[in-house]
Structure formats: structure tokens, C-alpha cells
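K.L.:
Next comes the structure file structure-v5.pdb, holding PDB, C-alpha atoms, pLDDT in the B column.
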ATOM      1  CA  MET A   1       2.941  -7.505 -36.759  1.00 42.00           C
ATOM      2  CA  THR A   2       1.708 -10.976 -35.836  1.00 46.00           C
ATOM      3  CA  ASP A   3       0.595 -12.102 -32.410  1.00 44.00           C
ATOM      4  CA  ASP A   4       3.449 -14.537 -31.882  1.00 42.00           C
ATOM      5  CA  PRO A   5       3.254 -16.154 -28.406  1.00 39.00           C
ATOM      6  CA  ARG A   6       7.053 -15.895 -28.142  1.00 40.00           C
ATOM      7  CA  ASN A   7       6.709 -12.093 -28.052  1.00 39.00           C
ATOM      8  CA  ARG A   8       4.178 -12.013 -25.201  1.00 37.00           C
ATOM      9  CA  PRO A   9       5.155 -11.372 -21.577  1.00 38.00           C
ATOM     10  CA  ASN A  10       5.744 -14.655 -19.776  1.00 36.00           C
ATOM     11  CA  PRO A  11       5.097 -14.532 -16.021  1.00 36.00           C
ATOM     12  CA  SER A  12       6.809 -17.887 -15.502  1.00 37.00           C
ATOM     13  CA  ASN A  13      10.214 -16.477 -16.424  1.00 36.00           C
ATOM     14  CA  GLY A  14       9.755 -13.015 -14.916  1.00 38.00           C
ATOM     15  CA  ALA A  15       9.253 -11.302 -18.271  1.00 37.00           C
ATOM     16  CA  LEU A  16       6.407  -8.987 -17.313  1.00 37.00           C
ATOM     17  CA  GLY A  17       7.418  -6.066 -19.471  1.00 39.00           C
ATOM     18  CA  PRO A  18      10.079  -3.386 -19.702  1.00 42.00           C
ATOM     19  CA  ASP A  19       9.929  -2.507 -15.989  1.00 43.00           C
ATOM     20  CA  SER A  20      10.301  -6.087 -14.796  1.00 41.00           C
ATOM     21  CA  GLY A  21      13.340  -7.993 -13.739  1.00 41.00           C
ATOM     22  CA  PRO A  22      15.141  -9.021 -10.605  1.00 41.00           C
ATOM     23  CA  GLU A  23      15.795  -5.399  -9.638  1.00 40.00           C
ATOM     24  CA  ARG A  24      12.058  -4.543  -9.646  1.00 37.00           C
ATOM     25  CA  GLU A  25       9.920  -6.004  -6.900  1.00 43.00           C
ATOM     26  CA  LEU A  26       6.282  -6.433  -7.925  1.00 44.00           C
ATOM     27  CA  ASP A  27       3.955  -4.611  -5.553  1.00 52.00           C
ATOM     28  CA  ILE A  28       0.889  -6.841  -5.630  1.00 52.00           C
ATOM     29  CA  GLU A  29      -1.818  -6.245  -3.082  1.00 77.00           C
ATOM     30  CA  LEU A  30      -5.152  -8.000  -3.164  1.00 87.00           C
ATOM     31  CA  ALA A  31      -7.813  -8.295  -0.480  1.00 91.00           C
ATOM     32  CA  ILE A  32     -10.112 -11.298  -0.695  1.00 94.00           C
ATOM     33  CA  VAL A  33     -13.310 -11.624   1.302  1.00 96.00           C
ATOM     34  CA  THR A  34     -15.497 -14.668   1.761  1.00 97.00           C
ATOM     35  CA  MET A  35     -19.015 -14.479   3.162  1.00 98.00           C
ATOM     36  CA  ARG A  36     -20.816 -17.742   3.890  1.00 98.00           C
ATOM     37  CA  PHE A  37     -24.565 -17.672   4.463  1.00 98.00           C
ATOM     38  CA  ASP A  38     -26.768 -20.506   5.747  1.00 98.00           C
ATOM     39  CA  ALA A  39     -30.403 -19.772   4.933  1.00 96.00           C
ATOM     40  CA  HIS A  40     -33.853 -20.853   6.043  1.00 94.00           C
ATOM     41  CA  ASP A  41     -35.160 -19.517   2.729  1.00 94.00           C
ATOM     42  CA  ALA A  42     -32.441 -20.091   0.127  1.00 93.00           C
ATOM     43  CA  ALA A  43     -34.543 -18.814  -2.799  1.00 95.00           C
ATOM     44  CA  ALA A  44     -35.173 -15.445  -1.134  1.00 96.00           C
ATOM     45  CA  LEU A  45     -31.547 -15.176  -0.050  1.00 97.00           C
ATOM     46  CA  HIS A  46     -30.366 -16.028  -3.568  1.00 97.00           C
ATOM     47  CA  GLY A  47     -32.323 -13.081  -4.963  1.00 97.00           C
ATOM     48  CA  ILE A  48     -30.899 -10.674  -2.373  1.00 98.00           C
ATOM     49  CA  LEU A  49     -27.319 -11.842  -2.843  1.00 98.00           C
ATOM     50  CA  SER A  50     -27.620 -11.814  -6.648  1.00 98.00           C
ATOM     51  CA  LYS A  51     -28.593  -8.139  -6.540  1.00 98.00           C
ATOM     52  CA  TYR A  52     -25.757  -7.457  -4.090  1.00 98.00           C
ATOM     53  CA  VAL A  53     -23.214  -9.125  -6.412  1.00 98.00           C
ATOM     54  CA  VAL A  54     -24.337  -7.058  -9.410  1.00 97.00           C
ATOM     55  CA  LEU A  55     -24.123  -3.798  -7.442  1.00 97.00           C
ATOM     56  CA  THR A  56     -20.797  -4.711  -5.842  1.00 97.00           C
ATOM     57  CA  ARG A  57     -19.184  -5.423  -9.214  1.00 97.00           C
ATOM     58  CA  MET A  58     -19.718  -1.728 -10.046  1.00 96.00           C
ATOM     59  CA  VAL A  59     -17.928  -0.456  -6.925  1.00 96.00           C
ATOM     60  CA  PRO A  60     -14.520   1.186  -7.472  1.00 95.00           C
ATOM     61  CA  GLY A  61     -11.732  -1.133  -6.354  1.00 95.00           C
ATOM     62  CA  CYS A  62     -13.762  -4.307  -6.895  1.00 96.00           C
ATOM     63  CA  ARG A  63     -11.950  -6.760  -9.148  1.00 95.00           C
ATOM     64  CA  ASN A  64     -14.452  -9.609  -9.008  1.00 95.00           C
ATOM     65  CA  VAL A  65     -17.371 -11.029  -7.040  1.00 97.00           C
ATOM     66  CA  ASP A  66     -18.742 -14.550  -7.351  1.00 97.00           C
ATOM     67  CA  LEU A  67     -21.846 -16.110  -5.819  1.00 98.00           C
ATOM     68  CA  CYS A  68     -21.665 -19.860  -5.245  1.00 98.00           C
ATOM     69  CA  SER A  69     -24.157 -22.427  -3.984  1.00 97.00           C
ATOM     70  CA  SER A  70     -23.016 -25.404  -1.927  1.00 97.00           C
ATOM     71  CA  VAL A  71     -23.605 -28.830  -3.414  1.00 97.00           C
ATOM     72  CA  THR A  72     -23.106 -30.491  -0.013  1.00 97.00           C
ATOM     73  CA  VAL A  73     -25.084 -28.232   2.368  1.00 97.00           C
ATOM     74  CA  GLU A  74     -28.615 -27.240   1.389  1.00 95.00           C
ATOM     75  CA  GLY A  75     -29.302 -23.519   1.720  1.00 96.00           C
ATOM     76  CA  ARG A  76     -25.612 -22.524   1.946  1.00 97.00           C
ATOM     77  CA  LEU A  77     -24.420 -19.701  -0.296  1.00 98.00           C
ATOM     78  CA  LEU A  78     -20.922 -18.267  -0.557  1.00 98.00           C
ATOM     79  CA  ILE A  79     -19.759 -14.909  -1.876  1.00 98.00           C
ATOM     80  CA  ILE A  80     -16.107 -14.517  -2.876  1.00 97.00           C
ATOM     81  CA  GLN A  81     -14.870 -10.967  -3.437  1.00 97.00           C
ATOM     82  CA  LYS A  82     -11.541  -9.675  -4.715  1.00 95.00           C
ATOM     83  CA  TRP A  83     -10.551  -6.071  -4.033  1.00 94.00           C
ATOM     84  CA  ASP A  84      -7.650  -3.890  -5.157  1.00 92.00           C
ATOM     85  CA  ASP A  85      -6.630  -3.486  -1.524  1.00 90.00           C
ATOM     86  CA  ALA A  86      -7.912  -3.585   2.041  1.00 89.00           C
ATOM     87  CA  ALA A  87      -8.931   0.089   1.922  1.00 92.00           C
ATOM     88  CA  ALA A  88     -11.294  -0.515  -1.029  1.00 94.00           C
ATOM     89  CA  GLN A  89     -12.741  -3.552   0.716  1.00 93.00           C
ATOM     90  CA  GLN A  90     -13.303  -1.657   3.968  1.00 94.00           C
ATOM     91  CA  ALA A  91     -14.919   1.270   2.172  1.00 95.00           C
ATOM     92  CA  HIS A  92     -17.350  -1.161   0.556  1.00 96.00           C
ATOM     93  CA  PHE A  93     -18.191  -2.832   3.879  1.00 94.00           C
ATOM     94  CA  ASP A  94     -19.117   0.618   5.232  1.00 93.00           C
ATOM     95  CA  SER A  95     -21.238   1.409   2.146  1.00 96.00           C
ATOM     96  CA  ASP A  96     -24.988   1.600   1.611  1.00 97.00           C
ATOM     97  CA  VAL A  97     -24.808  -1.424  -0.741  1.00 97.00           C
ATOM     98  CA  MET A  98     -23.476  -3.624   2.064  1.00 96.00           C
ATOM     99  CA  VAL A  99     -25.860  -2.242   4.685  1.00 96.00           C
ATOM    100  CA  GLU A 100     -28.867  -2.731   2.378  1.00 97.00           C
ATOM    101  CA  MET A 101     -27.867  -6.354   1.729  1.00 97.00           C
ATOM    102  CA  ALA A 102     -27.361  -7.058   5.434  1.00 96.00           C
ATOM    103  CA  ARG A 103     -30.773  -5.605   6.325  1.00 97.00           C
ATOM    104  CA  ALA A 104     -32.465  -7.577   3.545  1.00 97.00           C
ATOM    105  CA  CYS A 105     -31.023 -10.812   4.989  1.00 97.00           C
ATOM    106  CA  GLU A 106     -32.775 -10.319   8.347  1.00 95.00           C
ATOM    107  CA  GLY A 107     -34.986 -13.295   9.131  1.00 95.00           C
ATOM    108  CA  LEU A 108     -33.637 -15.420   6.264  1.00 96.00           C
ATOM    109  CA  LEU A 109     -30.498 -16.835   7.905  1.00 97.00           C
ATOM    110  CA  SER A 110     -30.262 -19.812  10.253  1.00 96.00           C
ATOM    111  CA  SER A 111     -27.062 -18.360  11.783  1.00 95.00           C
ATOM    112  CA  PRO A 112     -24.931 -15.230  11.445  1.00 96.00           C
ATOM    113  CA  PRO A 113     -22.889 -15.109   8.236  1.00 96.00           C
ATOM    114  CA  ASP A 114     -19.286 -16.288   8.424  1.00 97.00           C
ATOM    115  CA  ILE A 115     -17.156 -13.451   7.041  1.00 96.00           C
ATOM    116  CA  ASP A 116     -13.401 -13.720   6.583  1.00 95.00           C
ATOM    117  CA  LEU A 117     -10.661 -11.536   5.077  1.00 91.00           C
ATOM    118  CA  TRP A 118      -7.918 -13.313   3.122  1.00 88.00           C
ATOM    119  CA  ASP A 119      -4.557 -12.323   1.714  1.00 81.00           C
ATOM    120  CA  GLY A 120      -4.177 -13.422  -1.918  1.00 74.00           C
ATOM    121  CA  LEU A 121      -0.891 -15.335  -1.735  1.00 75.00           C
ATOM    122  CA  SER A 122      -1.050 -16.770  -5.245  1.00 73.00           C
ATOM    123  CA  ALA A 123      -2.951 -13.941  -6.930  1.00 62.00           C
ATOM    124  CA  HIS A 124      -0.976 -12.159  -9.600  1.00 58.00           C
ATOM    125  CA  ASP A 125      -2.142  -9.135 -11.525  1.00 54.00           C
ATOM    126  CA  LEU A 126      -0.496  -9.182 -14.950  1.00 52.00           C
ATOM    127  CA  ARG A 127      -1.882  -5.889 -16.223  1.00 53.00           C
TER     128      ARG A 127
END
Output the structure of this file as C-alpha cells.
P.N.:
Amino acid sequence: MTDDPRNRPNPSNGALGPDSGPERELDIELAIVTMRFDAHDAAALHGILSKYVVLTRMVPGCRNVDLCSSVTVEGRLLIIQKWDDAAAQQAHFDSDVMVEMARACEGLLSSPPDIDLWDGLSAHDLR
């Protein structure tokens, strides 16, 4: 059997597999979190957040975590997380991994982090 692209599921026409179609509503839930940090010591913060990202990627329910550095604001770092659902995200925020990261940031930030919870309107899971 060849891997002919014409035989693959095509999300643009609703062909997501045998259980798809107009009669089946896709139940897609995704919780997205952003955490923006402004640092006095960006190098130290980068090390702390890098460790946090690695540990968070291993947490059940975590789909992805990215660490970004601003090109327009010196010392600004951004974490973007994607979770299976709000319950997985909340469990992580109550976890030792999150608490350890927050404590390690003490004294490094110029202001409290800006944390926001987002609903993934255009996120589609095509598993």
C-alpha cells in the first residue's frame, strides 16, 4: 500500500476518519496559558525557566511548552503552554514544579509575571 495523499484524512473537507461527518461534532478542548516575565537578570531567569519548560513537558496533560525571548523588550521572556484541558492546566499550576519555579524567580523580576488563560479557538487536534 502506498502513502497516497488522496487517501489521507483531509481536515479541510471534514474527512477526519470513519467517525467524522456532519452528524459527529468534534469535541476539542484545549487550554492555553501565557506567562510573561520581565527580568532584572535575564540570564538567571532564562536558566530557571528553561528547567521549568523541560519539567513541564513531562507533566501528564501537557501538549507543548515554548519559551520565547522578546526581540523588542530586553529581559522579557514568554512561556506559552498548551494543555489537554483546564483541569490538567490547573493541576499543574498547583504542582511542585510550578511552585519551585515561582520561588526560584524571587528577586529576579522587575514586576509580577503577567499570566493569562486562553481558549484555543483555532487549535485542532487531528489525532
K.L.:
For Arg36 of chain A, which residue among A:Leu49, A:Val97, A:Val71, A:Leu77 is the nearest when counting only C-alpha atoms?
P.N.:
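Checking each of A:Leu49, A:Val97, A:Val71, A:Leu77 against Arg36 of chain A, counting only C-alpha atoms, the winner is A:Leu77.
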K.L.:
Within 10 Å of (-29.1, -21.4, 10.7) (file coordinates; all atoms listed in the file), which protein or nucleic acid residues are there? I'd like them as a list in words.
P.N.:
Phe37, Asp38, Ala39, His40, Gly75, Arg76, Leu108, Leu109, Ser110, Ser111, Pro112 and Pro113 of chain A
K.L.:
What is the atom CA of Gln90 of chain A to atom CA of Ile48 of chain A distance in Å?
P.N.:
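It comes out at 20.8 Å.
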K.L.:
Interatomic distance between atom CA of Ala102 of chain A and atom CA of Asp85 of chain A?
P.N.:
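Between atom CA of Ala102 of chain A and atom CA of Asp85 of chain A the gap works out to 22.2 Å.
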K.L.:
How far is it from atom CA of Asp119 of chain A to atom CA of Ser70 of chain A, in Å with one decimal?
P.N.:
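Straight-line distance from atom CA of Asp119 of chain A to atom CA of Ser70 of chain A works out to 22.9 Å.
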K.L.:
Taking (-13.7, -10.5, 1.0) in the file's own coordinates, collect the residues within 9 Å, counting only C-alpha atoms, and hand them back as a list in words.
P.N.:
Ala31, Ile32, Val33, Thr34, Met35, Val65, Ile79, Ile80, Gln81, Lys82, Trp83, Gln89, Ile115, Asp116, Leu117 and Trp118 of chain A
K.L.:
Write the selection just made, keeping C-alpha atoms, as a compact mmCIF listing (two decimals), in the coordinates of the input?
P.N.:
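Output contents, as saved in result-v1.txt:
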# COMPACT_ATOMS: atom_id res chain seq x y z
CA ALA A 31 -7.81 -8.30 -0.48
CA ILE A 32 -10.11 -11.30 -0.70
CA VAL A 33 -13.31 -11.62 1.30
CA THR A 34 -15.50 -14.67 1.76
CA MET A 35 -19.02 -14.48 3.16
CA VAL A 65 -17.37 -11.03 -7.04
CA ILE A 79 -19.76 -14.91 -1.88
CA ILE A 80 -16.11 -14.52 -2.88
CA GLN A 81 -14.87 -10.97 -3.44
CA LYS A 82 -11.54 -9.68 -4.72
CA TRP A 83 -10.55 -6.07 -4.03
CA GLN A 89 -12.74 -3.55 0.72
CA ILE A 115 -17.16 -13.45 7.04
CA ASP A 116 -13.40 -13.72 6.58
CA LEU A 117 -10.66 -11.54 5.08
CA TRP A 118 -7.92 -13.31 3.12
K.L.:
The PyMOL selection byres ((chain A and resi 51) around 12) - which residues does that actually catch in the file I just gave you? List them as a list in words.
P.N.:
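When the PyMOL selection byres ((chain A and resi 51) around 12) is applied, the selected residues are Ala44, Leu45, His46, Gly47, Ile48, Leu49, Ser50, Tyr52, Val53, Val54, Leu55, Thr56, Arg57, Met58, Val65, Asp66, Leu67, Val97, Met98, Glu100, Met101 and Ala104 of chain A.
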